[in-house]
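Novice: Handing you a structure now.
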Protein chains: 2
Amino acid sequence: MNEIYAGIEAGGTKWICANGCGPGEIYAQKHLHSAQPGETIPAVITFFREQIQVFGQIEAIGIGCFGPLDLDIKSGTYGFLTTTIKPGWANTDVVGPFRQAFQVPVGFDTDPNAAALGEATWGVARGQNDFVYLTIGTGIGGGGMVNGRLIHGLIHPEMGHICIPHDLEADPFSGICPFHGDCLEGLACGPALEARWGQPPQSLPPDHPAWQLEANYLALGLVNFILMMAPRQIILGGGVMRQGQLYPLVRMKVLELLRGYLPLLQMFEDLADYIVPPALGEEAGVLGAIALARLAAHDHPPGSTQD
Amino acid sequence: MNEIYAGIEAGGTKWICANGCGPGEIYAQKHLHSAQPGETIPAVITFFREQIQVFGQIEAIGIGCFGPLDLDIKSGTYGFLTTTIKPGWANTDVVGPFRQAFQVPVGFDTDPNAAALGEATWGVARGQNDFVYLTIGTGIGGGGMVNGRLIHGLIHPEMGHICIPHDLEADPFSGICPFHGDCLEGLACGPALEARWGQPPQSLPPDHPAWQLEANYLALGLVNFILMMAPRQIILGGGVMRQGQLYPLVRMKVLELLRGYLPLLQMFEDLADYIVPPALGEEAGVLGAIALARLAAHDHPPGSTQD
């Protein structure tokens, strides 16, 4: 019988909880509004307690969480959300209550690193040791692997906040990042699109100039990731990327911006196999959290198992 | 008795060759002008043959080379310089002639990755698993480690070419990168300073506005590296960084640009222990090449040995 894990995609607006083993083997799932920590976290604990009654004990818990997070296991505040601007959530102990309630290993990482791990375990990045996962939605978050392991260092990547060129004549919009104004997230996340064009992005027609501009900003970000880390693949997910027309536009802009500098990329011709959508779709986040749980339980690298 | 290695810092203008074991144990060193491959490479081979006569057999060779390079060991052109604009050097087999001449393992990587490995083995990055090494000279090159191993992927990092904001009103200089114009290298390498200010950088006084502008561009680059990979340390080397006044200026700009976004960085107060000069000084490059040779001979990670 397969081992059962608890996966939590802890987002800024909602938490998705799932009990199961992996793709196609989710036994129960629940969406919760991320109200206040004192409300949301106990509700999630209650959900998993109920699941354990029905399906049996869980091996581990995985939490892919919005950030910034303290991921330094030597830190006294390991497992905490740190300086988030989401009211009520700054300096919240996320890992502690789950560890205490269930007495099992708890894997904890950023939501994009969790999604990246999910894609490396079951999705489009199987077998990749060096790749970037970028999610473009209410914010822009990034994660991925270098040398076969999730990218960590002093803290964790915050790829959405990189500085990119911003031509104020072509786009006088000043950006919406509360920290940096016109960083990548400030210019290209979903709410930035809505603020710039005065309507929700999904209501903009596919040939609207918004998408060319969006592709340009995303490409500037990707070019920087390519030059910094030489990923073997870039996965673009998140709500904004449901606009499928963005993929070919982004690929074209990336090739334009590199201007033949990296000839190996030309192996990929139009980059159709290089800049790709996630394979796990809407469940990428919570499956990523389950992948984190598996890793916490066994510490085995993704791709090394038979499932 | 210590094992002897051959280290080659293969730069765009000169090649530095050293025979030895590590810092303080360089038995012989030679500088060669990098004329044409058919001239330079045989001269280097002759030098090491002479050294072997005197000091005995070498265990391995390490080459830290200007790029772009083919580092894919499965490629038919592994060990080649690829699309360099340096006349005569494009598509040159660098590794092959040395492997053939000496029949020993040859470690091969970019010059900044070699220098990074040197610093991780004997220098300021000992014990660091996640750090960036940036060299600012005739070009800007970057390397480093993530998860305790040198950063590689599809190819190798080309950090100097990342896109950064360029305020054309404050700095109308259009940049000198032949590929991208005003990428980081195009705006901030030594020749860019010289072209912008009409005099060699070393002749500009320490309070010249050139250094504020230079610090600003370097900080934009570093902020992107921090947000992408969360390094635990950033080493800044190369000729331009001999202007010691740049270090505090860069640190201040980095803090300004992050605007409190990454509170863990504040552990470092003024970043004096975070953004640092290399410890191996002028010999960083060739010692890095010797570190590559050691790694090629034993494949042991830096820092795990007793020397």
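Every chain in the structure tokens has a letter given in the order shown (A, B, ...), and although residue numbers restart at 1 in each chain, ligands are simply numbered from 1 in the order shown.
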For the contact check between chain A and chain B, emit one row per residue of chain A within 7 Å, containing the shortest atom pair and the distance in Å rounded to one decimal, counting only C-alpha atoms, chain then rising number order, as JSON lines.
Specialist:
```
{"residue": "A:Asp130", "atom": "CA", "partner": "B:Gly153", "partner_atom": "CA", "distance": 5.5}
{"residue": "A:Val146", "atom": "CA", "partner": "B:Val146", "partner_atom": "CA", "distance": 6.4}
{"residue": "A:Asn147", "atom": "CA", "partner": "B:Arg149", "partner_atom": "CA", "distance": 7.0}
{"residue": "A:Arg149", "atom": "CA", "partner": "B:Asn147", "partner_atom": "CA", "distance": 7.0}
{"residue": "A:Ile151", "atom": "CA", "partner": "B:Met229", "partner_atom": "CA", "distance": 6.5}
{"residue": "A:His152", "atom": "CA", "partner": "B:Ala230", "partner_atom": "CA", "distance": 6.4}
{"residue": "A:Gly153", "atom": "CA", "partner": "B:Ala230", "partner_atom": "CA", "distance": 4.8}
{"residue": "A:Leu154", "atom": "CA", "partner": "B:Arg232", "partner_atom": "CA", "distance": 4.8}
{"residue": "A:Ile155", "atom": "CA", "partner": "B:Ala230", "partner_atom": "CA", "distance": 5.6}
{"residue": "A:His156", "atom": "CA", "partner": "B:Ala230", "partner_atom": "CA", "distance": 5.6}
{"residue": "A:Pro157", "atom": "CA", "partner": "B:Met228", "partner_atom": "CA", "distance": 4.9}
{"residue": "A:Glu158", "atom": "CA", "partner": "B:Leu227", "partner_atom": "CA", "distance": 4.7}
{"residue": "A:Met159", "atom": "CA", "partner": "B:Met228", "partner_atom": "CA", "distance": 4.8}
{"residue": "A:His161", "atom": "CA", "partner": "B:Leu227", "partner_atom": "CA", "distance": 6.7}
{"residue": "A:Ile162", "atom": "CA", "partner": "B:Asn224", "partner_atom": "CA", "distance": 5.0}
{"residue": "A:Cys163", "atom": "CA", "partner": "B:Ile164", "partner_atom": "CA", "distance": 6.1}
{"residue": "A:Ile164", "atom": "CA", "partner": "B:Ile164", "partner_atom": "CA", "distance": 5.0}
{"residue": "A:Pro165", "atom": "CA", "partner": "B:Pro165", "partner_atom": "CA", "distance": 3.9}
{"residue": "A:His166", "atom": "CA", "partner": "B:Pro165", "partner_atom": "CA", "distance": 6.4}
{"residue": "A:Phe179", "atom": "CA", "partner": "B:Arg259", "partner_atom": "CA", "distance": 6.4}
{"residue": "A:Leu220", "atom": "CA", "partner": "B:Cys163", "partner_atom": "CA", "distance": 6.8}
{"residue": "A:Asn224", "atom": "CA", "partner": "B:Ile162", "partner_atom": "CA", "distance": 5.0}
{"residue": "A:Leu227", "atom": "CA", "partner": "B:Glu158", "partner_atom": "CA", "distance": 4.7}
{"residue": "A:Met228", "atom": "CA", "partner": "B:Met159", "partner_atom": "CA", "distance": 4.8}
{"residue": "A:Met229", "atom": "CA", "partner": "B:Pro157", "partner_atom": "CA", "distance": 5.2}
{"residue": "A:Ala230", "atom": "CA", "partner": "B:Gly153", "partner_atom": "CA", "distance": 4.8}
{"residue": "A:Pro231", "atom": "CA", "partner": "B:Gly153", "partner_atom": "CA", "distance": 5.2}
{"residue": "A:Arg232", "atom": "CA", "partner": "B:Leu154", "partner_atom": "CA", "distance": 4.8}
{"residue": "A:Arg259", "atom": "CA", "partner": "B:Phe179", "partner_atom": "CA", "distance": 6.4}
{"residue": "A:Tyr261", "atom": "CA", "partner": "B:Phe179", "partner_atom": "CA", "distance": 6.7}
```
Novice: Could you give me, as a ChimeraX atom specification, the residues within 9 Å of Leu187 in chain B, counting only C-alpha atoms and dropping anything in the same chain fewer than 4 positions from it?
Specialist: /B:166,173-177,181-183,192-193,196,214,217
Novice: Closest to Arg294 in chain A among A:Leu204, A:Ile26, A:Ile85, A:Val106, using only C-alpha atoms?
Specialist: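 Of the candidates, the smallest distance to Arg294 in chain A is held by A:Val106.
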Novice: Extract, using only C-alpha atoms, all DNA, RNA and protein residues at most 8 Å from Leu287 in chain B, discarding same-chain residues fewer than 4 positions from it, and format them as number ranges by chain.
Specialist: B: 7, 22-23, 115, 118, 280, 283, 291
Novice: Given the selection you just returned, output its residues as a file containing N, CA and C atoms, formatted as a CSV table (one decimal), in the first residue's frame.
Specialist:
```csv
chain,number,residue,atom,x,y,z
B,7,GLY,N,48.2,24.5,-13.6
B,7,GLY,CA,47.0,25.4,-13.6
B,7,GLY,C,47.2,26.4,-14.8
B,22,GLY,N,49.3,24.6,-4.7
B,22,GLY,CA,48.3,25.5,-4.1
B,22,GLY,C,49.0,26.8,-3.6
B,23,PRO,N,48.3,27.6,-2.8
B,23,PRO,CA,48.8,28.9,-2.3
B,23,PRO,C,50.2,28.7,-1.6
B,115,ALA,N,38.1,30.6,-10.5
B,115,ALA,CA,38.4,31.5,-9.4
B,115,ALA,C,37.5,31.3,-8.2
B,118,GLY,N,38.8,28.2,-6.5
B,118,GLY,CA,40.0,28.6,-5.7
B,118,GLY,C,39.6,29.2,-4.4
B,280,LEU,N,42.5,35.4,-2.5
B,280,LEU,CA,43.7,34.9,-3.2
B,280,LEU,C,44.4,36.0,-4.0
B,283,GLU,N,46.6,36.0,-7.6
B,283,GLU,CA,46.8,34.6,-8.0
B,283,GLU,C,45.5,33.8,-8.0
B,291,ALA,N,43.0,24.4,-8.5
B,291,ALA,CA,41.9,23.8,-7.8
B,291,ALA,C,41.0,23.0,-8.7
```
Novice: Please run DSSP on the backbone and report, as a ChimeraX atom specification, all residues within range 139-255 of chain B that come out as strand (DSSP E).
Specialist: /B:140-146,149-150,233-237
Novice: DSSP on the backbone, then: every residue of range 196-263 of chain A marked alpha helix (DSSP H), written as number ranges by chain.
Specialist: A: 196-197, 209-229, 246-258
Novice: Would you work out the distance separating CA of Glu269 in chain B from CA of Gly79 in chain A, expressed in Å to one decimal?
Specialist: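 Spanning CA of Glu269 in chain B to CA of Gly79 in chain A is a straight-line distance of 23.2 Å.
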Novice: Of the candidates B:Gly11, B:Pro105, B:Gly76, B:Pro191, which one gets nearest to Ala293 in chain B if we count only C-alpha atoms?
Specialist: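 Of B:Gly11, B:Pro105, B:Gly76, B:Pro191, the one nearest Ala293 in chain B is B:Pro105, counting only C-alpha atoms.
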Novice: Can you work out the spacing between CA of Cys189 in chain A and CA of Ile235 in chain A in Å, to one decimal?
Specialist: 16.0 Å
Novice: In Å, with one decimal, what is the gap from CA of Cys17 in chain A to CA of Gly244 in chain A?
Specialist: 27.3 Å
Novice: Got a sec: who's within 10 Å of Phe80 in chain B, counting only C-alpha atoms, leaving out chain neighbours fewer than 2 positions off, as a VMD selection string?
Specialist: chain B and resid 65 67 to 72 75 to 78 82 to 83 89 to 96 108
Novice: Go through B:Ala116, B:Ala279, B:Leu295, B:Ala43 and flag the residue nearest Phe98 in chain B, using only C-alpha atoms for the distances.
Specialist: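 Closest residue, counting only C-alpha atoms: B:Ala43.
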Novice: Taking only C-alpha atoms into account, name the residue in A:Gly239, A:Pro278, A:Pro87, A:Pro206 that is nearest to Thr138 in chain A.
Specialist: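 Answer, going by the shortest atom-to-atom distance: A:Gly239.
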